[in-house]
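Trainee: Just coords28.txt, nothing more (compact mmCIF, C-alpha atoms):
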# COMPACT_ATOMS: atom_id res chain seq x y z
CA MET A 19 65.58 -102.48 -44.39
CA THR A 20 65.45 -98.72 -44.84
CA MET A 21 68.32 -96.69 -43.45
CA SER A 22 67.30 -94.42 -40.57
CA THR A 23 67.01 -90.77 -41.53
CA ASP A 24 68.08 -89.49 -38.10
CA TRP A 25 71.33 -88.29 -39.70
CA LEU A 26 69.32 -86.10 -42.10
CA GLU A 27 67.29 -84.62 -39.27
CA LYS A 28 70.41 -83.70 -37.34
CA ILE A 29 71.19 -81.11 -40.01
CA ASN A 30 69.99 -77.58 -39.37
CA TRP A 31 68.31 -76.97 -42.72
CA ASN A 32 67.70 -73.30 -43.44
CA GLY A 33 64.30 -71.70 -43.95
CA ASP A 34 64.27 -72.91 -47.56
CA GLY A 35 65.13 -76.47 -46.52
CA LEU A 36 68.69 -76.14 -47.82
CA VAL A 37 72.20 -76.50 -46.46
CA PRO A 38 75.38 -75.02 -47.97
CA VAL A 39 77.84 -77.64 -49.24
CA ILE A 40 81.54 -77.08 -49.86
CA ALA A 41 83.26 -79.44 -52.31
CA GLN A 42 86.96 -79.98 -51.70
CA GLU A 43 89.18 -81.95 -54.04
CA THR A 44 90.77 -85.09 -52.65
CA GLY A 45 94.53 -85.06 -52.91
CA THR A 46 95.05 -81.40 -53.76
CA GLY A 47 92.82 -80.05 -50.98
CA LYS A 48 91.62 -77.32 -53.36
CA VAL A 49 88.20 -75.88 -52.62
CA LEU A 50 86.32 -76.45 -55.86
CA MET A 51 82.95 -74.80 -55.29
CA MET A 52 80.11 -74.19 -52.88
CA ALA A 53 76.53 -75.09 -53.70
CA TRP A 54 73.34 -76.11 -51.90
CA MET A 55 71.51 -79.34 -51.14
CA ASN A 56 68.05 -80.20 -49.89
CA ARG A 57 67.18 -83.48 -48.17
CA GLU A 58 66.59 -85.28 -51.44
CA ALA A 59 69.86 -84.08 -52.98
CA LEU A 60 71.88 -85.11 -49.95
CA THR A 61 70.15 -88.49 -49.74
CA LEU A 62 70.88 -89.15 -53.42
CA THR A 63 74.48 -87.96 -53.01
CA VAL A 64 75.02 -90.57 -50.31
CA GLU A 65 73.12 -93.31 -52.13
CA GLU A 66 74.83 -92.78 -55.47
CA GLY A 67 78.28 -91.79 -54.21
CA ARG A 68 78.40 -88.62 -56.32
CA ALA A 69 77.57 -84.97 -55.65
CA ILE A 70 73.98 -84.06 -56.44
CA TYR A 71 73.05 -80.49 -55.58
CA TRP A 72 69.88 -78.44 -55.54
CA SER A 73 69.95 -75.67 -58.13
CA ARG A 74 68.35 -72.58 -56.60
CA SER A 75 68.24 -70.81 -59.97
CA ARG A 76 66.62 -73.71 -61.84
CA ASN A 77 64.71 -74.94 -58.79
CA LYS A 78 65.52 -78.58 -59.40
CA LEU A 79 68.05 -81.29 -58.66
CA TRP A 80 71.43 -80.67 -60.23
CA ARG A 81 73.24 -83.90 -60.93
CA LYS A 82 76.72 -82.40 -61.15
CA GLY A 83 78.41 -83.57 -64.35
CA GLU A 84 75.33 -85.01 -66.00
CA GLU A 85 75.87 -82.81 -69.03
CA SER A 86 79.61 -82.10 -68.88
CA GLY A 87 80.79 -85.47 -67.58
CA HIS A 88 82.50 -83.58 -64.74
CA VAL A 89 81.05 -85.79 -62.04
CA GLN A 90 82.22 -85.37 -58.45
CA VAL A 91 82.85 -88.81 -56.94
CA LEU A 92 82.15 -88.80 -53.22
CA LYS A 93 85.03 -89.72 -50.91
CA ASP A 94 83.98 -88.29 -47.55
CA ILE A 95 81.20 -86.22 -46.03
CA ARG A 96 81.49 -83.99 -42.97
CA LEU A 97 79.15 -81.82 -40.94
CA ASP A 98 80.26 -78.77 -39.00
CA CYS A 99 79.89 -77.96 -35.31
CA ASP A 100 76.61 -76.06 -35.81
CA ASN A 101 75.18 -78.78 -38.05
CA ASP A 102 74.51 -76.23 -40.76
CA VAL A 103 77.37 -76.62 -43.25
CA ILE A 104 78.51 -79.75 -45.11
CA LEU A 105 81.98 -80.42 -46.47
CA LEU A 106 82.43 -83.02 -49.20
CA GLU A 107 85.71 -84.55 -50.22
CA VAL A 108 85.41 -85.46 -53.88
CA GLU A 109 87.35 -86.72 -56.85
CA GLN A 110 86.68 -84.22 -59.63
CA LEU A 111 86.39 -86.16 -62.88
CA GLY A 112 87.85 -84.24 -65.83
CA GLY A 113 89.67 -81.90 -63.44
CA ILE A 114 87.13 -79.15 -64.06
CA ALA A 115 84.58 -78.14 -61.42
CA CYS A 116 83.54 -74.72 -62.73
CA HIS A 117 81.00 -74.04 -65.44
CA THR A 118 83.45 -71.51 -66.89
CA GLY A 119 85.78 -74.39 -67.77
CA ARG A 120 88.21 -73.71 -64.95
CA HIS A 121 89.52 -76.17 -62.38
CA ASN A 122 87.56 -74.50 -59.58
CA CYS A 123 85.16 -71.62 -59.09
CA PHE A 124 87.36 -69.37 -56.95
CA PHE A 125 89.41 -67.84 -59.74
CA GLN A 126 88.87 -64.16 -58.87
CA GLN A 127 91.44 -62.75 -56.46
CA LEU A 128 91.16 -59.42 -54.68
CA GLN A 129 94.17 -57.31 -55.65
CA ASP A 130 94.38 -53.64 -54.67
CA GLY A 131 90.63 -53.24 -54.50
CA LYS A 132 89.85 -55.11 -57.72
CA TRP A 133 88.86 -58.69 -58.55
CA GLN A 134 91.41 -60.15 -60.94
CA THR A 135 90.92 -63.43 -62.79
CA ILE A 136 94.00 -65.52 -62.07
CA GLU A 137 93.09 -69.06 -63.12
CA PRO A 138 93.12 -70.23 -66.73
CA VAL A 139 90.23 -71.74 -68.64
CA ILE A 140 91.19 -75.37 -69.17
CA LYS A 141 88.42 -76.20 -71.57
CA ASP A 142 86.11 -73.90 -73.48
CA THR A 143 82.64 -74.18 -72.00
CA GLY A 144 81.12 -74.24 -75.48
CA THR A 145 82.60 -77.69 -75.83
CA ILE A 146 81.44 -78.79 -72.39
CA TYR A 147 77.80 -77.74 -72.36
CA LYS A 148 75.28 -78.29 -75.08
CA LYS A 149 73.56 -75.13 -76.28
CA MET B 4 91.89 -40.95 -51.19
CA THR B 5 89.20 -43.48 -50.42
CA MET B 6 89.42 -46.87 -52.08
CA SER B 7 86.64 -47.47 -54.60
CA THR B 8 83.93 -49.80 -53.36
CA ASP B 9 83.21 -51.23 -56.82
CA TRP B 10 84.72 -54.53 -55.65
CA LEU B 11 82.13 -54.70 -52.86
CA GLU B 12 79.27 -54.06 -55.25
CA LYS B 13 80.41 -56.83 -57.57
CA ILE B 14 79.43 -59.32 -54.87
CA ASN B 15 75.96 -60.82 -55.11
CA TRP B 16 74.87 -60.22 -51.52
CA ASN B 17 71.90 -62.32 -50.47
CA GLY B 18 68.53 -60.94 -49.37
CA ASP B 19 69.93 -60.32 -45.88
CA GLY B 20 72.96 -58.47 -47.26
CA LEU B 21 75.28 -61.38 -46.47
CA VAL B 22 77.70 -63.61 -48.35
CA PRO B 23 78.95 -67.05 -47.23
CA VAL B 24 82.68 -67.14 -46.50
CA ILE B 25 84.85 -70.26 -46.39
CA ALA B 26 88.06 -70.07 -44.37
CA GLN B 27 90.83 -72.38 -45.55
CA GLU B 28 94.10 -72.80 -43.69
CA THR B 29 97.24 -71.76 -45.50
CA GLY B 30 99.78 -74.55 -45.80
CA THR B 31 97.57 -77.47 -44.80
CA GLY B 32 94.68 -76.57 -47.11
CA LYS B 33 92.24 -77.69 -44.43
CA VAL B 34 88.80 -76.12 -44.56
CA LEU B 35 88.43 -74.57 -41.12
CA MET B 36 84.89 -73.19 -41.09
CA MET B 37 82.20 -71.38 -43.01
CA ALA B 38 80.60 -68.19 -41.75
CA TRP B 39 78.96 -65.06 -43.13
CA MET B 40 79.98 -61.48 -43.81
CA ASN B 41 78.12 -58.29 -44.61
CA ARG B 42 79.69 -55.31 -46.38
CA GLU B 43 81.10 -53.86 -43.17
CA ALA B 44 82.62 -57.18 -42.06
CA LEU B 45 84.29 -57.76 -45.42
CA THR B 46 85.56 -54.19 -45.59
CA LEU B 47 87.07 -54.50 -42.11
CA THR B 48 88.53 -57.92 -42.96
CA VAL B 49 90.41 -56.37 -45.87
CA GLU B 50 91.41 -53.22 -43.96
CA GLU B 51 92.66 -55.05 -40.87
CA GLY B 52 94.03 -58.17 -42.56
CA ARG B 53 92.11 -60.54 -40.30
CA ALA B 54 88.80 -62.37 -40.61
CA ILE B 55 85.86 -60.42 -39.24
CA TYR B 56 82.50 -62.12 -39.73
CA TRP B 57 78.88 -61.19 -39.18
CA SER B 58 77.28 -63.27 -36.45
CA ARG B 59 73.73 -64.12 -37.53
CA SER B 60 72.86 -65.45 -34.08
CA ARG B 61 74.16 -62.42 -32.18
CA ASN B 62 73.34 -60.00 -35.00
CA LYS B 63 76.63 -58.15 -34.74
CA LEU B 64 80.20 -58.11 -36.01
CA TRP B 65 82.24 -61.11 -34.90
CA ARG B 66 85.90 -60.28 -34.70
CA LYS B 67 87.15 -63.87 -34.89
CA GLY B 68 89.61 -64.49 -32.07
CA GLU B 69 88.85 -61.36 -30.07
CA GLU B 70 88.05 -63.47 -27.00
CA SER B 71 89.99 -66.66 -27.67
CA GLY B 72 93.05 -65.16 -29.33
CA HIS B 73 92.41 -67.50 -32.25
CA VAL B 74 92.64 -64.78 -34.84
CA GLN B 75 92.60 -65.68 -38.54
CA VAL B 76 95.30 -63.71 -40.34
CA LEU B 77 94.29 -62.96 -43.93
CA LYS B 78 96.55 -64.29 -46.69
CA ASP B 79 94.31 -64.27 -49.76
CA ILE B 80 90.73 -63.56 -50.72
CA ARG B 81 88.86 -65.10 -53.64
CA LEU B 82 85.41 -64.73 -55.15
CA ASP B 83 83.64 -67.50 -57.05
CA CYS B 84 82.24 -67.52 -60.57
CA ASP B 85 78.75 -66.47 -59.49
CA ASN B 86 80.12 -63.71 -57.24
CA ASP B 87 78.19 -65.12 -54.30
CA VAL B 88 80.75 -67.11 -52.28
CA ILE B 89 84.06 -65.93 -50.81
CA LEU B 90 87.07 -68.10 -50.03
CA LEU B 91 89.66 -66.84 -47.56
CA GLU B 92 93.12 -68.26 -47.13
CA VAL B 93 94.12 -67.65 -43.53
CA GLU B 94 96.76 -68.40 -40.96
CA GLN B 95 94.90 -69.80 -37.96
CA LEU B 96 96.60 -68.49 -34.82
CA GLY B 97 96.59 -71.03 -32.02
CA GLY B 98 95.76 -73.80 -34.49
CA ILE B 99 92.13 -73.83 -33.31
CA ALA B 100 89.33 -72.50 -35.48
CA CYS B 101 86.32 -74.15 -33.82
CA HIS B 102 84.53 -72.91 -30.73
CA THR B 103 84.51 -76.54 -29.50
CA GLY B 104 88.31 -76.34 -29.15
CA ARG B 105 89.02 -78.40 -32.26
CA HIS B 106 91.32 -77.51 -35.15
CA ASN B 107 88.38 -77.05 -37.50
CA CYS B 108 84.60 -77.21 -37.46
CA PHE B 109 84.13 -80.22 -39.76
CA PHE B 110 84.76 -82.93 -37.19
CA GLN B 111 81.60 -84.98 -37.75
CA GLN B 112 81.94 -87.66 -40.41
CA LEU B 113 79.05 -89.59 -41.91
CA GLN B 114 79.65 -93.30 -41.27
CA ASP B 115 76.98 -95.89 -42.04
CA GLY B 116 74.16 -93.39 -41.61
CA LYS B 117 75.48 -91.77 -38.44
CA TRP B 118 77.54 -88.67 -37.71
CA GLN B 119 80.68 -89.70 -35.83
CA THR B 120 83.00 -87.22 -34.14
CA ILE B 121 86.48 -88.00 -35.43
CA GLU B 122 88.61 -84.99 -34.49
CA PRO B 123 90.01 -84.44 -31.01
CA VAL B 124 89.46 -81.44 -28.77
CA ILE B 125 92.83 -79.71 -28.65
CA LYS B 126 91.95 -77.27 -25.90
CA ASP B 127 88.99 -77.29 -23.54
CA THR B 128 86.69 -74.46 -24.49
CA GLY B 129 86.24 -73.51 -20.86
CA THR B 130 89.80 -72.28 -20.92
CA ILE B 131 89.34 -70.47 -24.23
CA TYR B 132 86.16 -68.52 -23.66
CA LYS B 133 85.26 -66.48 -20.62
CA LYS B 134 81.98 -67.43 -18.99
As structure tokens, how would this structure be written, given the file I've shared?

Mentor:
Amino acid sequence: MTMSTDWLEKINWNGDGLVPVIAQETGTGKVLMMAWMNREALTLTVEEGRAIYWSRSRNKLWRKGEESGHVQVLKDIRLDCDNDVILLEVEQLGGIACHTGRHNCFFQQLQDGKWQTIEPVIKDTGTIYKK
Amino acid sequence: MTMSTDWLEKINWNGDGLVPVIAQETGTGKVLMMAWMNREALTLTVEEGRAIYWSRSRNKLWRKGEESGHVQVLKDIRLDCDNDVILLEVEQLGGIACHTGRHNCFFQQLQDGKWQTIEPVIKDTGTIYKK
């Protein structure tokens, strides 16, 4: 039996067939990152229980953590009132969501009209990603 | 003296001159909503210390709370690693961020292939918004 795809069609996909997806860390409640999914990415995310995004720069599926091991294990999935934004609750394996080697991607804080980096690099990205 | 706008130009605005903005509640860490800002909206948000979005449907500035009183008081503003997503930390006046009268907009949860509404309406929207 194939699962109905009505839930997929309820989503207001944008003109490129994408929806923005916020990943929030279970337990801490920290917002880790925002990325995009298409129908295939979201379907695979649900089927495999891990975040799989659509990379707009590489124009292909982005199986988060496939290279770094920093997989996001799916805990919960929500849709907003306008059906055009998704919120994931995830367990962030390795404690690092950002490709810069930081816990999350929102490490630049606006201070007196300047963006200041205020979160430390936990792990050098040269050791996370193959060249 | 006018504040430099270098910080605005660091942002990777999309083709429509917009950036997605996540609003997270201070204290609870709940993700309240996601909306969009243009340069003017973000400038005013910083100047006035409250969230002011750009409404894509109405094609004008959306001074969050101007009708409902549910203003979002700005506590912190972050930019992500790709400079294309903003995260606000806000105090949600009235405890209601969603136009449906709920605490936040992410009240639909995916359960067995269906979106289920799992958050209560705190205040009937008919009493929040003028007809």

Trainee: Show me, as an MDAnalysis selection string, every residue of chain A with an atom at most 8 Å from chain B, counting only C-alpha atoms.

Mentor: chainID A and resid 21:25 47:48 51:52 94:99 103:105 116 118 123:128 131:133

Trainee: Suppose you want the space between CA of Glu70 in chain B and CA of Ala54 in chain B; what is it in Å?

Mentor: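 Atom-to-atom, CA of Glu70 in chain B to CA of Ala54 in chain B, that is 13.7 Å.
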
Trainee: Quick one: distance from CA of Trp16 in chain B to CA of Ile29 in chain A in Å, one decimal?

Mentor: 24.1 Å

Trainee: Quick check, in Å to one decimal: how far apart do CA of Leu36 in chain A and CA of Trp54 in chain A lie?

Mentor: 6.2 Å

Trainee: Could you tell me which of B:Ala26, B:Leu64, B:Leu96, B:Val124 comes closest to Met40 in chain B if we count only C-alpha atoms?

Mentor: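 Ranking B:Ala26, B:Leu64, B:Leu96, B:Val124 by distance to Met40 in chain B, first place goes to B:Leu64.
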
Trainee: Kindly indicate which residue among B:Thr29, B:Asn41, B:Thr46, B:Gln75 lies nearest to Asn62 in chain B, using only C-alpha atoms for the distances.

Mentor: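 Residue with the minimum atom-to-atom distance to Asn62 in chain B: B:Asn41.
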